[in-house]
file structure.txt (compact mmCIF, C-alpha atoms)
# COMPACT_ATOMS: atom_id res chain seq x y z
CA MET A 252 0.00 0.00 0.00
CA ILE A 253 1.41 3.39 -1.03
CA GLU A 254 0.25 6.69 0.41
CA PHE A 255 1.62 9.89 -1.04
CA GLY A 256 1.22 13.64 -0.94
CA HIS A 257 2.39 16.15 -3.53
CA ALA A 258 2.40 19.90 -4.15
CA THR A 259 4.19 22.66 -5.99
CA HIS A 260 4.23 26.43 -5.50
CA VAL A 261 5.74 29.26 -7.51
CA GLY A 262 7.21 30.79 -4.34
CA LEU A 263 7.16 34.43 -3.31
CA ARG A 264 9.86 35.88 -5.57
CA ARG A 265 9.34 34.18 -8.94
CA THR A 266 6.72 34.97 -11.55
CA ARG A 267 6.73 31.50 -13.15
CA ASN A 268 6.91 27.99 -11.81
CA GLU A 269 9.58 26.06 -13.71
CA ASP A 270 9.19 22.99 -11.49
CA THR A 271 7.04 20.04 -12.47
CA TYR A 272 6.39 16.62 -10.98
CA TYR A 273 4.66 13.30 -11.44
CA ALA A 274 3.22 10.90 -8.88
CA ASP A 275 1.58 7.58 -9.74
CA ALA A 276 1.28 4.82 -7.14
CA THR A 277 -0.02 2.33 -9.73
CA LEU A 278 3.10 2.72 -11.86
CA GLY A 279 5.23 3.18 -8.75
CA LEU A 280 6.84 6.24 -10.34
CA PHE A 281 7.47 9.56 -8.63
CA LEU A 282 9.61 12.39 -9.96
CA VAL A 283 10.46 16.06 -9.58
CA ALA A 284 12.04 18.15 -12.34
CA ASP A 285 13.33 21.70 -11.94
CA GLY A 286 13.64 23.55 -15.25
CA MET A 287 16.02 26.34 -16.17
CA GLY A 288 16.33 28.59 -19.18
CA GLY A 289 15.17 31.81 -20.76
CA HIS A 290 11.63 33.13 -21.12
CA LEU A 291 9.19 30.24 -20.58
CA HIS A 292 11.81 27.66 -21.45
CA GLY A 293 12.34 26.31 -17.94
CA GLU A 294 8.74 25.14 -17.91
CA VAL A 295 9.16 23.60 -21.36
CA ALA A 296 12.32 21.73 -20.36
CA SER A 297 10.99 20.26 -17.13
CA ALA A 298 7.69 19.23 -18.71
CA LEU A 299 9.47 17.60 -21.64
CA VAL A 300 11.71 15.66 -19.27
CA ARG A 301 8.76 14.58 -17.13
CA ASN A 302 6.69 13.43 -20.10
CA SER A 303 9.59 11.55 -21.69
CA VAL A 304 10.46 9.69 -18.49
CA VAL A 305 6.84 8.77 -17.73
CA GLU A 306 6.26 7.47 -21.24
CA LEU A 307 9.40 5.33 -21.33
CA VAL A 308 9.02 3.90 -17.82
CA SER A 309 5.41 3.05 -18.71
CA ARG A 310 6.81 1.09 -21.66
CA GLY A 311 9.15 -0.92 -19.45
CA HIS A 312 12.38 1.05 -19.62
CA SER A 313 14.58 1.53 -16.55
CA LEU A 314 14.91 4.92 -14.88
CA ALA A 315 18.43 5.39 -16.26
CA GLU A 316 17.32 4.55 -19.81
CA ALA A 317 14.34 6.88 -19.55
CA ILE A 318 16.39 9.78 -18.17
CA ARG A 319 19.08 9.42 -20.81
CA ALA A 320 16.44 9.36 -23.55
CA ALA A 321 14.78 12.45 -22.03
CA ASP A 322 18.13 14.22 -22.19
CA GLU A 323 18.54 13.29 -25.84
CA HIS A 324 14.99 14.47 -26.57
CA LEU A 325 15.69 17.81 -24.89
CA LEU A 326 18.96 18.30 -26.80
CA ALA A 327 17.23 17.39 -30.07
CA GLN A 328 14.44 19.88 -29.37
CA MET A 329 16.96 22.69 -29.05
CA HIS A 330 18.87 21.54 -32.12
CA ASP A 331 15.74 21.38 -34.27
CA ASP A 332 14.43 24.80 -33.26
CA ALA A 333 16.98 27.56 -33.78
CA ASP A 334 14.76 30.03 -31.92
CA VAL A 335 14.78 28.00 -28.71
CA MET A 336 17.06 29.45 -26.06
CA PRO A 337 19.30 27.07 -24.10
CA MET A 338 17.25 25.23 -21.52
CA GLY A 339 17.80 22.44 -19.09
CA SER A 340 16.31 20.56 -16.19
CA THR A 341 17.22 18.60 -13.12
CA ILE A 342 15.44 15.37 -12.27
CA ALA A 343 14.97 13.30 -9.14
CA ALA A 344 13.05 10.08 -9.80
CA LEU A 345 11.93 7.13 -7.71
CA ARG A 346 10.55 3.76 -8.81
CA LEU A 347 8.95 1.48 -6.23
CA SER A 348 8.24 -2.22 -6.63
CA GLU A 349 6.77 -4.57 -4.03
CA ASP A 350 9.70 -4.51 -1.62
CA SER A 351 12.49 -2.54 -3.31
CA TYR A 352 13.23 0.90 -4.69
CA GLU A 353 15.37 2.44 -7.39
CA ALA A 354 16.30 6.12 -7.39
CA ALA A 355 17.96 8.19 -10.12
CA TRP A 356 18.86 11.85 -10.38
CA VAL A 357 20.70 14.55 -12.29
CA GLY A 358 21.31 17.99 -10.77
CA ASP A 359 20.39 19.19 -7.28
CA SER A 360 16.79 18.10 -6.86
CA ARG A 361 16.93 15.63 -3.99
CA ILE A 362 15.68 12.27 -2.80
CA TYR A 363 15.59 11.37 0.88
CA THR A 364 14.50 8.30 2.78
CA THR A 365 12.28 8.98 5.77
CA GLY A 366 11.30 6.94 8.79
CA SER A 367 13.57 6.65 11.81
CA GLU A 368 15.66 9.45 10.32
CA LEU A 369 15.86 11.72 7.29
CA ARG A 370 18.69 10.55 5.04
CA GLN A 371 19.64 12.00 1.69
CA ILE A 372 20.26 9.20 -0.80
CA SER A 373 20.78 11.43 -3.83
CA HIS A 374 24.04 13.25 -4.40
CA ASP A 375 23.94 16.88 -5.51
CA HIS A 376 25.56 17.55 -8.87
CA SER A 377 26.62 21.03 -7.81
CA LEU A 378 29.71 23.18 -7.53
CA VAL A 379 29.50 23.45 -3.74
CA GLN A 380 29.23 19.67 -3.38
CA ALA A 381 32.30 19.27 -5.59
CA LEU A 382 34.16 21.77 -3.39
CA VAL A 383 33.13 19.87 -0.25
CA GLU A 384 34.36 16.60 -1.73
CA ALA A 385 37.65 18.23 -2.69
CA GLY A 386 38.10 19.44 0.90
CA GLN A 387 37.91 23.07 -0.18
CA LEU A 388 34.64 23.96 1.55
CA ASP A 389 33.24 23.20 4.99
CA PRO A 390 29.86 21.44 4.60
CA ALA A 391 28.47 23.84 7.22
CA HIS A 392 29.03 26.73 4.80
CA THR A 393 27.25 25.33 1.74
CA ALA A 394 23.83 26.81 2.55
CA ARG A 395 25.10 30.38 2.20
CA HIS A 396 27.72 29.92 -0.49
CA PRO A 397 27.19 32.50 -3.30
CA GLN A 398 27.54 29.77 -5.96
CA ARG A 399 25.36 27.17 -4.25
CA ASN A 400 22.97 27.05 -7.23
CA VAL A 401 25.65 26.34 -9.84
CA LEU A 402 25.14 22.83 -11.24
CA THR A 403 27.81 20.51 -12.61
CA GLN A 404 25.24 18.26 -14.32
CA ALA A 405 21.86 19.04 -15.88
CA LEU A 406 19.72 17.49 -18.58
CA GLY A 407 19.92 19.48 -21.82
CA VAL A 408 23.03 21.32 -20.62
CA THR A 409 25.68 18.69 -19.97
CA ALA A 410 27.03 17.04 -23.14
CA ALA A 411 25.41 13.63 -23.57
CA ALA A 412 28.75 11.84 -23.41
CA GLN A 413 29.55 13.48 -20.06
CA LEU A 414 26.11 13.06 -18.51
CA HIS A 415 26.28 11.26 -15.18
CA ILE A 416 23.04 9.82 -13.81
CA GLY A 417 23.23 9.23 -10.07
CA MET A 418 21.70 5.93 -8.97
CA ALA A 419 20.72 4.26 -5.70
CA HIS A 420 18.64 1.23 -4.85
CA GLY A 421 17.68 -0.82 -1.86
CA ARG A 422 14.99 -2.66 0.06
CA VAL A 423 11.82 -0.97 1.26
CA THR A 424 11.47 -1.72 4.97
CA PRO A 425 8.39 -1.26 7.22
CA GLY A 426 7.84 2.40 8.11
CA MET A 427 10.13 3.62 5.33
CA GLY A 428 9.20 6.58 3.18
CA PHE A 429 10.70 8.86 0.55
CA LEU A 430 10.80 12.61 0.03
CA LEU A 431 11.54 14.05 -3.41
CA CYS A 432 11.95 17.82 -3.71
CA SER A 433 13.35 20.65 -5.77
CA ASP A 434 16.04 22.89 -4.29
CA GLY A 435 13.41 25.51 -3.53
CA LEU A 436 12.44 23.46 -0.47
CA THR A 437 15.96 22.85 0.82
CA GLU A 438 16.93 26.46 0.11
CA ASP A 439 14.49 27.65 2.78
CA LEU A 440 14.26 24.70 5.17
CA ASP A 441 17.13 22.93 6.91
CA ALA A 442 17.24 19.17 7.27
CA ALA A 443 16.10 19.27 10.90
CA SER A 444 12.95 21.21 10.01
CA ILE A 445 12.13 18.87 7.16
CA ALA A 446 12.77 15.82 9.34
CA ARG A 447 10.42 17.02 12.07
CA THR A 448 7.59 17.48 9.59
CA VAL A 449 7.89 14.24 7.64
CA ALA A 450 8.25 12.25 10.88
CA ARG A 451 4.77 13.28 12.04
CA THR A 452 2.75 10.09 11.92
CA ASP A 453 -0.32 11.99 13.13
CA LEU A 454 -0.43 13.75 9.75
CA ALA A 455 -1.29 12.22 6.39
CA ALA A 456 1.38 12.43 3.69
CA GLN A 457 -0.51 15.24 1.95
CA GLU A 458 -0.74 17.21 5.19
CA CYS A 459 3.00 16.83 5.70
CA VAL A 460 3.69 18.12 2.19
CA ASP A 461 1.34 21.05 2.69
CA GLN A 462 3.14 21.89 5.93
CA LEU A 463 6.54 21.73 4.24
CA LEU A 464 5.46 24.20 1.57
CA LEU A 465 3.90 26.56 4.11
CA SER A 466 7.06 26.48 6.21
CA ALA A 467 9.24 27.22 3.18
CA LEU A 468 7.00 30.13 2.23
CA ASP A 469 7.11 31.43 5.80
CA ARG A 470 10.90 31.45 5.54
CA GLY A 471 11.04 33.44 2.33
CA GLY A 472 9.88 31.24 -0.56
CA LYS A 473 12.85 32.38 -2.62
CA ASP A 474 12.38 29.84 -5.42
CA ASN A 475 9.78 27.50 -6.87
CA ILE A 476 9.00 24.80 -4.31
CA THR A 477 7.99 21.22 -5.11
CA ALA A 478 7.76 18.18 -2.87
CA ILE A 479 6.42 14.61 -2.98
CA LEU A 480 6.23 12.47 0.16
CA VAL A 481 5.73 8.74 -0.39
CA ARG A 482 4.96 6.30 2.41
CA SER A 483 4.93 2.56 2.00
CA SER A 484 3.03 0.29 4.38
call {"tool": "encode", "arguments": {"input": "structure.txt", "output": "structure tokens"}}
result
Amino acid sequence: MIEFGHATHVGLRRTRNEDTYYADATLGLFLVADGMGGHLHGEVASALVRNSVVELVSRGHSLAEAIRAADEHLLAQMHDDADVMPMGSTIAALRLSEDSYEAAWVGDSRIYTTGSELRQISHDHSLVQALVEAGQLDPAHTARHPQRNVLTQALGVTAAAQLHIGMAHGRVTPGMGFLLCSDGLTEDLDAASIARTVARTDLAAQECVDQLLLSALDRGGKDNITAILVRSS
């Protein structure tokens, strides 16, 4: 049995919502995509990525195959239309089967497991994460780093040959859940705040998601905000 909640909000400082998402318990597919680009093109990029991944997973392809094909589709779209400005998208995707999960991502949209603790299983493809791994930046300073939004990987932006799709998989245990979100949520809420909300078993998954978005808006809502909370029982 899968229970899930989902929501997206433009935020308080943006005029357009370039995030998109998909949630389908029957297919066991959940994803968040955060678009980037010029006028209107962030929305186009994220929607194209979402639609491509959903279609291919529905036809039996793996998450990695679907994401790579979505990247190729996005690059082809820009190549075929000379008027299209450069555009790209992140993706964080989760596929659930009866007792296991597969996660895949590109960019800085995140996937966490929830339950006894909040644990990030995705790995940000970002400049600040690369600096942390190189020992050049204290992890405590990433939240305020002026280049924290600079990505090292993005669909439609990174050359296809250099595209790295992050992957994780494991068993789904009793009480385990998953949170997928765009960086608009983690920009305004720290991990402790997120953990407190998703751990509330007195709230339905949708209520938890609604609370997350309200809390992010209360703390500034600097970017588009999207979140999906999935609980397996």
call {"tool": "closest_residue", "arguments": {"input": "structure.txt", "among": "A:Arg319, A:Arg370, A:His420, A:Arg395", "to": "Leu345 in chain A", "atoms": "all atoms listed in the file"}}
result
A:His420
call {"tool": "atom_distance", "arguments": {"input": "structure.txt", "atom1": "CA of Gly407 in chain A", "atom2": "CA of Leu326 in chain A"}}
result
5.2 Å
call {"tool": "residues_around", "arguments": {"input": "structure.txt", "residues": "range 297-304 of chain A", "least_positions_apart": "4", "cutoff": "7 Å", "atoms": "only C-alpha atoms", "output": "ChimeraX atom specification"}}
result
/A:269-272,284-286,293,308,317-318,321,340
call {"tool": "closest_residue", "arguments": {"input": "structure.txt", "among": "A:Gln462, A:Ser373, A:Gln387, A:Ser433", "to": "Glu353 in chain A", "atoms": "all atoms listed in the file"}}
result
A:Ser373
call {"tool": "atom_distance", "arguments": {"input": "structure.txt", "atom1": "CA of Glu323 in chain A", "atom2": "CA of Val305 in chain A"}}
result
14.9 Å
call {"tool": "closest_residue", "arguments": {"input": "structure.txt", "among": "A:Asp389, A:Glu438, A:Asp350, A:Asp322", "to": "Ser484 in chain A", "atoms": "only C-alpha atoms"}}
result
A:Asp350
call {"tool": "axis_aligned_box", "arguments": {"input": "structure.txt", "around": "range 255-270 of chain A", "padding_each_side": "5 Å", "output": "JSON"}}
result
{"center_x": 5.5, "center_y": 22.9, "center_z": -7.3, "size_x": 18.6, "size_y": 36.0, "size_z": 22.8}
call {"tool": "residues_around", "arguments": {"input": "structure.txt", "residues": "Arg470 in chain A", "least_positions_apart": "2", "cutoff": "6 Å", "atoms": "only C-alpha atoms", "output": "compact mmCIF listing (two decimals) with C-alpha atoms, in the coordinates of the input"}}
result
# COMPACT_ATOMS: atom_id res chain seq x y z
CA ASP A 439 14.49 27.65 2.78
CA ALA A 467 9.24 27.22 3.18
CA LEU A 468 7.00 30.13 2.23
call {"tool": "closest_residue", "arguments": {"input": "structure.txt", "among": "A:His396, A:Leu369, A:Asp359, A:Glu384", "to": "Asp434 in chain A", "atoms": "only C-alpha atoms"}}
result
A:Asp359
call {"tool": "atom_distance", "arguments": {"input": "structure.txt", "atom1": "CA of Met418 in chain A", "atom2": "CA of Ala274 in chain A"}}
result
19.1 Å
call {"tool": "closest_residue", "arguments": {"input": "structure.txt", "among": "A:Ser313, A:Gln404, A:Ser444, A:Thr393", "to": "Val357 in chain A", "atoms": "only C-alpha atoms"}}
result
A:Gln404
call {"tool": "closest_residue", "arguments": {"input": "structure.txt", "among": "A:Ile253, A:Leu280, A:Ile372, A:Leu307", "to": "His324 in chain A", "atoms": "all atoms listed in the file"}}
result
A:Leu307
call {"tool": "residues_around", "arguments": {"input": "structure.txt", "residues": "Leu263 in chain A", "least_positions_apart": "3", "cutoff": "12 Å", "atoms": "all atoms listed in the file", "output": "PyMOL selection string"}}
result
chain A and resi 260+266-268+435+439+464-465+467-476
call {"tool": "residues_around", "arguments": {"input": "structure.txt", "residues": "Val460 in chain A", "least_positions_apart": "6", "cutoff": "10 Å", "atoms": "all atoms listed in the file", "output": "list in words"}}
result
Phe255, Gly256, His257, Ala258, Thr259, Leu430, Ile445, Thr448, Val449, Leu454, Ser466, Thr477, Ala478, Ile479, Leu480 and Val481 of chain A
call {"tool": "write_last_selection", "arguments": {"input": "structure.txt", "atoms": "C-alpha atoms", "output": "tab-separated table (two decimals), in the frame of the given file"}}
result
chain	number	residue	atom	x	y	z
A	255	PHE	CA	1.62	9.89	-1.04
A	256	GLY	CA	1.22	13.64	-0.94
A	257	HIS	CA	2.39	16.15	-3.53
A	258	ALA	CA	2.40	19.90	-4.15
A	259	THR	CA	4.19	22.66	-5.99
A	430	LEU	CA	10.80	12.61	0.03
A	445	ILE	CA	12.13	18.87	7.16
A	448	THR	CA	7.59	17.48	9.59
A	449	VAL	CA	7.89	14.24	7.64
A	454	LEU	CA	-0.43	13.75	9.75
A	466	SER	CA	7.06	26.48	6.21
A	477	THR	CA	7.99	21.22	-5.11
A	478	ALA	CA	7.76	18.18	-2.87
A	479	ILE	CA	6.42	14.61	-2.98
A	480	LEU	CA	6.23	12.47	0.16
A	481	VAL	CA	5.73	8.74	-0.39
call {"tool": "decode", "arguments": {"input": "structure.txt", "residues": "range 405-444 of chain A", "atoms": "N, CA and C atoms", "output": "CSV table (one decimal), in the first residue's frame"}}
result
chain,number,residue,atom,x,y,z
A,405,ALA,N,23.3,18.7,-15.7
A,405,ALA,CA,21.9,19.0,-15.9
A,405,ALA,C,21.4,18.5,-17.2
A,406,LEU,N,20.2,18.0,-17.3
A,406,LEU,CA,19.7,17.5,-18.6
A,406,LEU,C,19.6,18.7,-19.6
A,407,GLY,N,20.0,18.4,-20.8
A,407,GLY,CA,19.9,19.5,-21.8
A,407,GLY,C,21.1,20.5,-21.8
A,408,VAL,N,21.9,20.4,-20.8
A,408,VAL,CA,23.0,21.3,-20.6
A,408,VAL,C,24.4,20.6,-20.7
A,409,THR,N,24.5,19.5,-19.9
A,409,THR,CA,25.7,18.7,-20.0
A,409,THR,C,25.7,17.9,-21.3
A,410,ALA,N,26.9,17.8,-21.9
A,410,ALA,CA,27.0,17.0,-23.1
A,410,ALA,C,26.6,15.6,-22.9
A,411,ALA,N,25.9,15.0,-23.8
A,411,ALA,CA,25.4,13.6,-23.6
A,411,ALA,C,26.5,12.6,-23.1
A,412,ALA,N,27.7,12.8,-23.7
A,412,ALA,CA,28.8,11.8,-23.4
A,412,ALA,C,29.3,12.0,-22.0
A,413,GLN,N,29.1,13.2,-21.4
A,413,GLN,CA,29.6,13.5,-20.1
A,413,GLN,C,28.4,13.4,-19.0
A,414,LEU,N,27.2,13.1,-19.5
A,414,LEU,CA,26.1,13.1,-18.5
A,414,LEU,C,26.3,11.9,-17.5
A,415,HIS,N,26.2,12.3,-16.2
A,415,HIS,CA,26.3,11.3,-15.2
A,415,HIS,C,24.9,11.2,-14.5
A,416,ILE,N,24.3,10.0,-14.5
A,416,ILE,CA,23.0,9.8,-13.8
A,416,ILE,C,23.3,9.1,-12.5
A,417,GLY,N,23.0,9.8,-11.4
A,417,GLY,CA,23.2,9.2,-10.1
A,417,GLY,C,22.2,8.1,-9.8
A,418,MET,N,22.6,7.1,-9.2
A,418,MET,CA,21.7,5.9,-9.0
A,418,MET,C,21.8,5.4,-7.5
A,419,ALA,N,20.7,4.9,-7.0
A,419,ALA,CA,20.7,4.3,-5.7
A,419,ALA,C,19.6,3.3,-5.7
A,420,HIS,N,19.7,2.2,-4.9
A,420,HIS,CA,18.6,1.2,-4.8
A,420,HIS,C,18.8,0.5,-3.5
A,421,GLY,N,17.7,-0.1,-3.1
A,421,GLY,CA,17.7,-0.8,-1.9
A,421,GLY,C,16.3,-1.5,-1.6
A,422,ARG,N,16.2,-2.0,-0.4
A,422,ARG,CA,15.0,-2.7,0.1
A,422,ARG,C,14.1,-1.6,0.7
A,423,VAL,N,12.8,-1.8,0.6
A,423,VAL,CA,11.8,-1.0,1.3
A,423,VAL,C,11.4,-1.7,2.5
A,424,THR,N,11.7,-1.1,3.7
A,424,THR,CA,11.5,-1.7,5.0
A,424,THR,C,10.2,-1.1,5.6
A,425,PRO,N,9.6,-1.8,6.6
A,425,PRO,CA,8.4,-1.3,7.2
A,425,PRO,C,8.6,0.1,7.8
A,426,GLY,N,7.7,1.0,7.6
A,426,GLY,CA,7.8,2.4,8.1
A,426,GLY,C,8.7,3.3,7.3
A,427,MET,N,9.2,2.8,6.2
A,427,MET,CA,10.1,3.6,5.3
A,427,MET,C,9.3,4.5,4.4
A,428,GLY,N,9.8,5.7,4.1
A,428,GLY,CA,9.2,6.6,3.2
A,428,GLY,C,10.2,7.3,2.4
A,429,PHE,N,9.8,8.1,1.4
A,429,PHE,CA,10.7,8.9,0.5
A,429,PHE,C,10.2,10.3,0.4
A,430,LEU,N,11.1,11.2,0.3
A,430,LEU,CA,10.8,12.6,0.0
A,430,LEU,C,11.6,13.0,-1.2
A,431,LEU,N,10.9,13.5,-2.2
A,431,LEU,CA,11.5,14.1,-3.4
A,431,LEU,C,11.2,15.5,-3.4
A,432,CYS,N,12.2,16.4,-3.7
A,432,CYS,CA,12.0,17.8,-3.7
A,432,CYS,C,12.9,18.6,-4.6
A,433,SER,N,12.5,19.7,-5.0
A,433,SER,CA,13.3,20.7,-5.8
A,433,SER,C,14.2,21.5,-4.8
A,434,ASP,N,15.2,22.2,-5.2
A,434,ASP,CA,16.0,22.9,-4.3
A,434,ASP,C,15.3,24.1,-3.7
A,435,GLY,N,14.2,24.4,-4.2
A,435,GLY,CA,13.4,25.5,-3.5
A,435,GLY,C,13.0,25.2,-2.1
A,436,LEU,N,12.8,23.9,-1.8
A,436,LEU,CA,12.4,23.5,-0.5
A,436,LEU,C,13.7,23.5,0.4
A,437,THR,N,14.8,22.9,0.0
A,437,THR,CA,16.0,22.8,0.8
A,437,THR,C,16.7,24.2,0.9
A,438,GLU,N,16.4,25.1,0.0
A,438,GLU,CA,16.9,26.5,0.1
A,438,GLU,C,16.4,27.2,1.3
A,439,ASP,N,15.1,26.9,1.7
A,439,ASP,CA,14.5,27.6,2.8
A,439,ASP,C,14.4,26.8,4.1
A,440,LEU,N,14.4,25.5,4.0
A,440,LEU,CA,14.3,24.7,5.2
A,440,LEU,C,15.5,23.8,5.4
A,441,ASP,N,16.0,23.8,6.6
A,441,ASP,CA,17.1,22.9,6.9
A,441,ASP,C,16.6,21.5,7.1
A,442,ALA,N,17.6,20.6,7.2
A,442,ALA,CA,17.2,19.2,7.3
A,442,ALA,C,16.5,18.9,8.5
A,443,ALA,N,16.8,19.5,9.6
A,443,ALA,CA,16.1,19.3,10.9
A,443,ALA,C,14.6,19.7,10.8
A,444,SER,N,14.3,20.8,10.2
A,444,SER,CA,13.0,21.2,10.0
A,444,SER,C,12.2,20.3,9.1
